[in-house]
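Let me begin by presenting the structure, written as structure tokens, before commenting on it.
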Amino acid sequence: MTGISDISRNAKELGRRMVPKFILKLLQKVFPFIQKLPTEIVDILPGPSLLARPRSKRSIEIPDKKKSSKNHLWGILLPIRGSDDQNEATLCWKRLQNFADTLRATTSKLDRSCIRMFIGIDKDDIVYTPKKSRSRIESIFNTLGVTTYFHYFEPIYSGKICWIWNELACKAVEQASVEFIVLLGDDVELCTNGWKNEIESTFLSVSQTTGLPFGIACVAFRDENYAAFPTFPVLHCTHLHVFGELFPSEFINQHGDPYVFEIYRRWGASMFAKTSKLRNTIGGADASRYRKISSFCWRDTILSKAIQKLSMWLEHKKVQKAQQYHCLDVVVPSYRCDINLLQNFANLRVSIQPASITIVIVVDNPDLSPEHLAIIQSLQSHDPNHIVRIHKNEVNLGASESRNTGLSQSFGDYAILLDDDVIPEISLLDAYLGAIIRNPKAKILVGHTKLPSPQTLLQKGFIASEMSFFYDVCMRMPNPSWGVTANICVKSRTQNKVWFSACFPKTGGGEDVDFCLRLKRKEAWHERNSCIIAVPGAKVLHLFWNNITKQVSGWASGDTLLLEVHPELAFFAFPNWVEWMFVQTVLYLLLLMVHSLPLWLLLQSVLAVCIAELILSVIIVYQRTKFTESICNRLLQSVIGTWFLMVQDVTRLCVKLKRLQIYLIGVQFDWLDNQRGHVETVRISNFIKNMFVLSIMISLFYPSNLVKLISSIISILLLYFWCTSQHASVVSDIPLPFEGILQKIPDVQPFVILTWQRTGSNLLCGILHNHQDITMHSEVFHARKIHTFHENKWSDSKDWNWTSKSRDEEPETFLKDLLLRTPSLLKRHNNSYDNDHKKNSIMTCSRSQAVGFKLFPEHIRRMGETGDHVFRKMMADPYIKKIILMRKNALEVFVSMKRASLTGKYLKDNYDHLQVHVDPPELQLFLRDYHKCFKCYDEMLKNQATYKITYEDLVNYRESSMKALLSFLNLDDGHIPKPIEATRKQSSKPMHTAIKNYSELKLCFKHSKFASMFNH
């Protein structure tokens, strides 16, 4: 029933079922160079069978029994099947008697009096159908004191053991009012005495631990043939009451047991018995007596519906304590089988609760000795919510297919893929789980694969070559184009369309790129980059390889296939050095057929190409070496790093020629998937290299001295440009227009405060308003109103007729009018302010020397393209000074925003009494946008003078901060005005008192770059 053998067999086919076989054979006949032609992988698990189970769902009532009762009734569901062969028939009776004997040996007389045996027999079974056979069966179990029930099935049920179990389960509850149901077969041997009482105690323990009603659980025997896999589950009759059936009709004779186990795993209610074991003598991971039918996908929609149904039932029953668990799996394929490294994976734990972890180690070395395998199998664990399972491949499948084997046994919501030569940090699972909670829409999460500090020249050269770029790509890009399978997390059970392709080398190379890209292509175009996120806190240490050159060559031989698999990312650039050498050699041989040419001509030209490549590459790699090293060491490291790059180029060309893909010469692959201008960078780089080679060859071969001189000068200029240019790191800046808003030096100093809601902008604007030389406005681009401290002045002015509507129609004209309008204003010099001007204060008349306003991101976004155009012109205007106000603790900003939106009070009112619940994904999105906004400001204003001030400095170091700000505006900083009364602080208590789920939130962000927010 378990389908273990099918999991292994299907996993082998997952990467191979790329195109129909007859098409592949036809293509191979027409085009002999085609070896394996990868295309989109079809789903190995097609839709449900068209056969409909005759029985429909039922309404099952739960027997009225106390959970503490010692006389729980059990129903053993026992489908039996005979054989036409006389010798086999004898074995059938022997197996049945053996099962009865083990039942006697492992239960007491009192236990057996509470057991009801429900036997399912096919009507066409020649061994068990005759009346004398029924009498013989009854006598076998009656001697044990076990009541026996028989049910005969029509031919449509033949071999459909899940359907038979379902009917037997319903009859067991309806006819005998059993409470516990166990799914067994006549080929099972019970091994542990007292299993009945132990499993009942486990059900009770689950109820007490989780707060679930008694019976909402699944407890599985420990199968000696396949440890840590729930092959024989025990269920309570409540399961039938909730679902109306044991399994959905799609289950025929496979996968029923992991299905029910996974349902209850979502509430931490799936357990293995502590000691109760059994032995499955036929079937399971071996051959069975019936044709296994498992070609359907149950872990996606079918399992999701079951989880939802149980969740609704618990909600209807108002079970308050029940919490859904985060289900996370870890898949580790291993050929090396280093027990010390594998021990690290088995020890992985998670502190973010509630969570359930399953670790699957796939042993891919068929030559492993039994002793060594036994040591590895000792790592297996049946602990509650922490299962470690060892699966051994019968043959060596390679990295891709072994990962498929592990993924096919992954029924959690996410699966972490790790290589067997990495050392994970103890916080790895916490980092990934926190990122999953914060980013529930992410399909791929890329962790940080660290390499040790390089010690040898080879290791230092490898690091300087930057061939390990994607090992720590999560530190470079928030949305990497792909991640290495040494440390990556992907959607698991709800993703059944994309598997690792077997067309890549067994040792790895290119399969991780292909897998990630195909997963991304399943998403909508605008969501492809956002579905993959970086998780810098998920760290593993990857040891250096014994033979780095061999590893580099292996990568290159595999990733060359990507040009065929993903032609949309292939692009043409000038040939690299080794491709030039190949072209030169071919041209030389062709010309040799017509003219007699000296060999030294070819050798000299080839040597020129090699020297040019070596010089240019060494220059680039040299810049990446550490400055603390001696020049000699840095040069040696540069040469070694260049050697690795050249090995990669040579290997890729060899693969192309081996596959007769000459048309791919000059074709490169976009490793960054249309990000960060990688295509342009490669094209510019190859163009310069080719021009450099050409100029050198002209200097060598052209007879004219003048031409040689010119080409030599060109070579020197190209070399100088190569050394000084930054083309290798092309990053597209945010474009700004050439013209600003004002276009001339104004009479007063205009300025804008670029900030975010709840960052202290009211406090800062109030202080600036109280300065006698400043005309301070507020949110002049607010959707509903033009907010300013001088509303009464504008309303009394005859030439000020702006409204919010006219402002939105002509925002540029409005902004220009606002910044150039500097009338004499009556300024209040006191520490309070109100809109009605009713308080007594000293009034003076002065002409402003500066005028400003504050701007939030939403002010720009709401006006669309028009607002964006005006904003860019304002940012480009050097006459408008920019003040950037930021709050260091973004968590405080978010909580303040929630409190303000809930109360509608943005000034004066105290918030200390108000607690809010913070949703981790919502906070994650806010943090992304918040920091992205200020990063955008920095990029746009990198060529302008700006003044940055933080809310924390404004509160703690007000005088010094304001003096520096006034000096930046060229204003008198001798007197620092006080803030207005209305901008007093609205909350003084720490964040843990303001957030209801503070502890949960802190755990979710513990291993992220925002963890410091929770240290205050």
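Quick note on naming: the chains in the structure tokens go A, B, ... in the order shown, residues restart at 1 in each chain, and ligands are numbered from 1 in order of appearance.
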* Asked: Within 8 Å of Trp756 (chain A), counting only C-alpha atoms, which residues qualify if same-chain residues fewer than 5 places away don't, as JSON, numbers by chain?
  -> {"A": [761, 855, 856, 857, 885, 886, 930]}
Based on the selection just made, write C-alpha atoms of those residues as a PDB file, in the first residue's frame.
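This went into again12.pdb:
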```pdb
ATOM      1  CA  SER A 761       8.034  64.535  10.094  1.00  0.00           C
ATOM      2  CA  LEU A 855       6.773  64.636   0.585  1.00  0.00           C
ATOM      3  CA  PHE A 856       5.680  61.019   1.151  1.00  0.00           C
ATOM      4  CA  PRO A 857       5.996  58.239  -1.470  1.00  0.00           C
ATOM      5  CA  LEU A 885      14.289  62.137   7.292  1.00  0.00           C
ATOM      6  CA  MET A 886      14.346  58.494   8.312  1.00  0.00           C
ATOM      7  CA  TYR A 930      10.452  51.310   3.343  1.00  0.00           C
TER       8      TYR A 930
END
```
Mind checking which residues fall within 7 Å of region 95-99 of chain A, counting only C-alpha atoms, ignoring those fewer than 2 positions away in the same chain, and posting them as a compact mmCIF listing (two decimals) with C-alpha atoms, in the first residue's frame?
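Printed below is selection_28.txt as written:
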```
# COMPACT_ATOMS: atom_id res chain seq x y z
CA LEU A 91 1.54 -20.23 1.73
CA CYS A 92 -1.55 -18.01 1.98
CA TRP A 93 -2.96 -20.09 4.83
CA ASP A 101 0.02 -16.27 16.02
CA THR A 102 1.76 -12.89 16.26
CA LEU A 103 -1.54 -11.31 17.28
CA ILE A 140 -8.20 -19.41 13.48
CA ASP A 186 -2.20 -11.01 6.11
CA ASP A 187 1.50 -10.62 5.27
CA VAL A 188 2.11 -8.61 8.46
CA GLU A 189 3.82 -9.91 11.58
```
* Got a sec: who's within 9 Å of Thr788 (chain A), counting only C-alpha atoms, leaving out chain neighbours fewer than 5 positions off, as an NGL selection string? -> :A and (776-780 or 853)
* Run DSSP on the backbone and grab whatever in region 168-348 of chain A lands in strand (DSSP E or B); send it over as a VMD selection string. => chain A and resid 180 to 183 188 to 190 218 to 223 233 to 236 270 to 280 326 to 334
Please write the residues from the selection above to a file, keeping N, CA and C atoms, as an mmCIF file, in the first residue's frame.
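The resulting result-v9.cif:
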```
data_model
loop_
_atom_site.group_PDB
_atom_site.id
_atom_site.type_symbol
_atom_site.label_atom_id
_atom_site.label_comp_id
_atom_site.auth_asym_id
_atom_site.auth_seq_id
_atom_site.Cartn_x
_atom_site.Cartn_y
_atom_site.Cartn_z
ATOM 1 N N PHE A 180 -11.096 2.418 17.347
ATOM 2 C CA PHE A 180 -9.803 2.495 16.669
ATOM 3 C C PHE A 180 -9.787 1.552 15.469
ATOM 4 N N ILE A 181 -9.197 2.049 14.388
ATOM 5 C CA ILE A 181 -9.125 1.291 13.150
ATOM 6 C C ILE A 181 -7.656 1.164 12.763
ATOM 7 N N VAL A 182 -7.195 -0.063 12.528
ATOM 8 C CA VAL A 182 -5.821 -0.279 12.088
ATOM 9 C C VAL A 182 -5.847 -1.003 10.756
ATOM 10 N N LEU A 183 -5.026 -0.557 9.825
ATOM 11 C CA LEU A 183 -4.983 -1.094 8.465
ATOM 12 C C LEU A 183 -3.829 -2.092 8.383
ATOM 13 N N VAL A 188 1.521 -9.412 7.384
ATOM 14 C CA VAL A 188 2.114 -8.614 8.456
ATOM 15 C C VAL A 188 2.362 -9.492 9.674
ATOM 16 N N GLU A 189 3.499 -9.239 10.322
ATOM 17 C CA GLU A 189 3.820 -9.909 11.578
ATOM 18 C C GLU A 189 3.951 -8.846 12.668
ATOM 19 N N LEU A 190 3.140 -8.927 13.703
ATOM 20 C CA LEU A 190 3.216 -8.010 14.834
ATOM 21 C C LEU A 190 4.366 -8.441 15.739
ATOM 22 N N CYS A 218 -3.230 10.472 14.251
ATOM 23 C CA CYS A 218 -2.858 9.286 13.475
ATOM 24 C C CYS A 218 -1.569 8.742 14.084
ATOM 25 N N VAL A 219 -1.622 7.505 14.527
ATOM 26 C CA VAL A 219 -0.456 6.868 15.138
ATOM 27 C C VAL A 219 -0.065 5.668 14.281
ATOM 28 N N ALA A 220 1.185 5.660 13.853
ATOM 29 C CA ALA A 220 1.653 4.603 12.946
ATOM 30 C C ALA A 220 2.581 3.636 13.663
ATOM 31 N N PHE A 221 2.465 2.335 13.292
ATOM 32 C CA PHE A 221 3.432 1.343 13.751
ATOM 33 C C PHE A 221 4.812 1.665 13.183
ATOM 34 N N ARG A 222 5.818 1.162 13.830
ATOM 35 C CA ARG A 222 7.173 1.246 13.285
ATOM 36 C C ARG A 222 7.406 0.020 12.405
ATOM 37 N N ASP A 223 7.614 0.274 11.123
ATOM 38 C CA ASP A 223 7.808 -0.814 10.163
ATOM 39 C C ASP A 223 9.292 -1.151 10.090
ATOM 40 N N PRO A 233 -0.957 2.881 9.540
ATOM 41 C CA PRO A 233 -1.480 3.853 10.498
ATOM 42 C C PRO A 233 -2.674 3.317 11.292
ATOM 43 N N VAL A 234 -2.854 3.883 12.464
ATOM 44 C CA VAL A 234 -4.029 3.627 13.298
ATOM 45 C C VAL A 234 -4.822 4.930 13.380
ATOM 46 N N LEU A 235 -6.135 4.826 13.112
ATOM 47 C CA LEU A 235 -7.009 5.995 13.128
ATOM 48 C C LEU A 235 -8.146 5.785 14.114
ATOM 49 N N HIS A 236 -8.722 6.883 14.541
ATOM 50 C CA HIS A 236 -9.896 6.842 15.402
ATOM 51 C C HIS A 236 -11.138 6.967 14.523
ATOM 52 N N SER A 270 0.354 13.638 14.290
ATOM 53 C CA SER A 270 0.825 12.419 13.632
ATOM 54 C C SER A 270 2.048 11.915 14.376
ATOM 55 N N MET A 271 1.962 10.717 14.858
ATOM 56 C CA MET A 271 3.042 10.164 15.677
ATOM 57 C C MET A 271 3.359 8.736 15.247
ATOM 58 N N PHE A 272 4.579 8.329 15.548
ATOM 59 C CA PHE A 272 4.936 6.915 15.492
ATOM 60 C C PHE A 272 4.825 6.352 16.906
ATOM 61 N N ALA A 273 4.394 5.118 16.995
ATOM 62 C CA ALA A 273 4.368 4.460 18.299
ATOM 63 C C ALA A 273 5.786 4.416 18.868
ATOM 64 N N LYS A 274 5.895 4.519 20.183
ATOM 65 C CA LYS A 274 7.220 4.590 20.796
ATOM 66 C C LYS A 274 8.015 3.308 20.597
ATOM 67 N N THR A 275 7.353 2.171 20.765
ATOM 68 C CA THR A 275 8.074 0.890 20.656
ATOM 69 C C THR A 275 7.378 -0.127 19.768
ATOM 70 N N SER A 276 6.109 0.075 19.467
ATOM 71 C CA SER A 276 5.324 -0.946 18.749
ATOM 72 C C SER A 276 5.808 -1.099 17.317
ATOM 73 N N LYS A 277 6.250 -2.319 16.990
ATOM 74 C CA LYS A 277 6.800 -2.591 15.669
ATOM 75 C C LYS A 277 6.032 -3.712 14.992
ATOM 76 N N LEU A 278 6.147 -3.736 13.666
ATOM 77 C CA LEU A 278 5.643 -4.864 12.889
ATOM 78 C C LEU A 278 6.568 -5.078 11.704
ATOM 79 N N ARG A 279 6.335 -6.188 11.027
ATOM 80 C CA ARG A 279 7.178 -6.539 9.880
ATOM 81 C C ARG A 279 6.268 -6.852 8.707
ATOM 82 N N ASN A 280 6.509 -6.209 7.566
ATOM 83 C CA ASN A 280 5.727 -6.428 6.354
ATOM 84 C C ASN A 280 6.516 -7.386 5.467
ATOM 85 N N HIS A 326 3.689 24.451 11.044
ATOM 86 C CA HIS A 326 4.475 24.687 9.834
ATOM 87 C C HIS A 326 5.191 23.384 9.493
ATOM 88 N N CYS A 327 4.935 22.849 8.316
ATOM 89 C CA CYS A 327 5.518 21.560 7.915
ATOM 90 C C CYS A 327 6.662 21.799 6.939
ATOM 91 N N LEU A 328 7.844 21.431 7.369
ATOM 92 C CA LEU A 328 9.063 21.698 6.608
ATOM 93 C C LEU A 328 9.845 20.402 6.451
ATOM 94 N N ASP A 329 10.347 20.148 5.244
ATOM 95 C CA ASP A 329 11.142 18.945 4.975
ATOM 96 C C ASP A 329 12.553 19.334 4.563
ATOM 97 N N VAL A 330 13.471 18.433 4.778
ATOM 98 C CA VAL A 330 14.869 18.613 4.358
ATOM 99 C C VAL A 330 15.248 17.408 3.515
ATOM 100 N N VAL A 331 15.765 17.644 2.313
ATOM 101 C CA VAL A 331 16.149 16.567 1.397
ATOM 102 C C VAL A 331 17.651 16.653 1.137
ATOM 103 N N VAL A 332 18.354 15.551 1.419
ATOM 104 C CA VAL A 332 19.811 15.509 1.253
ATOM 105 C C VAL A 332 20.190 14.268 0.452
ATOM 106 N N PRO A 333 20.525 14.404 -0.838
ATOM 107 C CA PRO A 333 21.072 13.249 -1.575
ATOM 108 C C PRO A 333 22.543 13.074 -1.227
ATOM 109 N N SER A 334 22.970 11.837 -1.043
ATOM 110 C CA SER A 334 24.349 11.630 -0.608
ATOM 111 C C SER A 334 24.976 10.447 -1.324
#
```
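Among the candidates A:Ser553, A:Thr585, A:Ser960, A:Thr983, the residue lying nearest to Asp649 (chain A) is A:Ser553 (atoms considered: only C-alpha atoms).
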* Point out the residue among A:Ile716, A:Leu517, A:Met697, A:Val748 with the least atom-to-atom distance to Leu672 (chain A), counting only C-alpha atoms. => A:Leu517
* **Selection: 6 Å around Val388 (chain A), only C-alpha atoms, excl. self and same-chain fewer than 4 positions, as a PyMOL selection string** => chain A and resi 358-359+380-381
* Structure fact -> Restricting to only C-alpha atoms, whichever of A:His542, A:Arg136, A:Lys392, A:Lys626 is closest to Ala227 (chain A) is A:Lys392
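Minimum atom-to-atom distances from A:Leu614, A:Glu154, A:Ile767, A:Lys905 to Arg958 (chain A) were compared using only C-alpha atoms, and the lowest value belongs to A:Ile767.
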With the cut-off set at 9 Å and counting only C-alpha atoms, tabulate each residue of region 582-681 of chain A with an atom at most that distance from an atom of region 574-577 of chain A, showing the nearest atom pair and its distance in Å to one decimal, ordered by chain and increasing number, as JSON lines.
```
{"residue": "A:Phe582", "atom": "CA", "partner": "A:Trp577", "partner_atom": "CA", "distance": 8.8}
{"residue": "A:Val609", "atom": "CA", "partner": "A:Trp577", "partner_atom": "CA", "distance": 6.1}
{"residue": "A:Cys610", "atom": "CA", "partner": "A:Trp577", "partner_atom": "CA", "distance": 6.8}
{"residue": "A:Ala612", "atom": "CA", "partner": "A:Trp577", "partner_atom": "CA", "distance": 8.4}
{"residue": "A:Glu613", "atom": "CA", "partner": "A:Trp577", "partner_atom": "CA", "distance": 6.3}
{"residue": "A:Met646", "atom": "CA", "partner": "A:Trp577", "partner_atom": "CA", "distance": 8.6}
{"residue": "A:Asp649", "atom": "CA", "partner": "A:Asn576", "partner_atom": "CA", "distance": 7.9}
{"residue": "A:Ile665", "atom": "CA", "partner": "A:Pro575", "partner_atom": "CA", "distance": 6.8}
{"residue": "A:Gly666", "atom": "CA", "partner": "A:Pro575", "partner_atom": "CA", "distance": 4.4}
{"residue": "A:Val667", "atom": "CA", "partner": "A:Pro575", "partner_atom": "CA", "distance": 7.8}
```
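Residue nearest Asn547 (chain A) within the list A:Phe462, A:Arg862, A:Arg518, A:Arg336: A:Phe462 [criterion: smallest interatomic distance, only C-alpha atoms].
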* Atom-to-atom span, CA of Leu397 (chain A) and CA of Tyr414 (chain A), Å -> 23.2 Å
* Find the residues around Gln308 (chain A) up to 12 Å (only C-alpha atoms counted), leave out those fewer than 2 positions away in its own chain, and share them as a PyMOL selection string. => chain A and resi 242-243+263-264+266-267+301-306+310-315+324
* Nearest to Arg521 (chain A) among A:Ser848, A:Thr625, A:Gln208, A:Ser481, with distances taken over only C-alpha atoms: which residue is it? -> A:Ser481
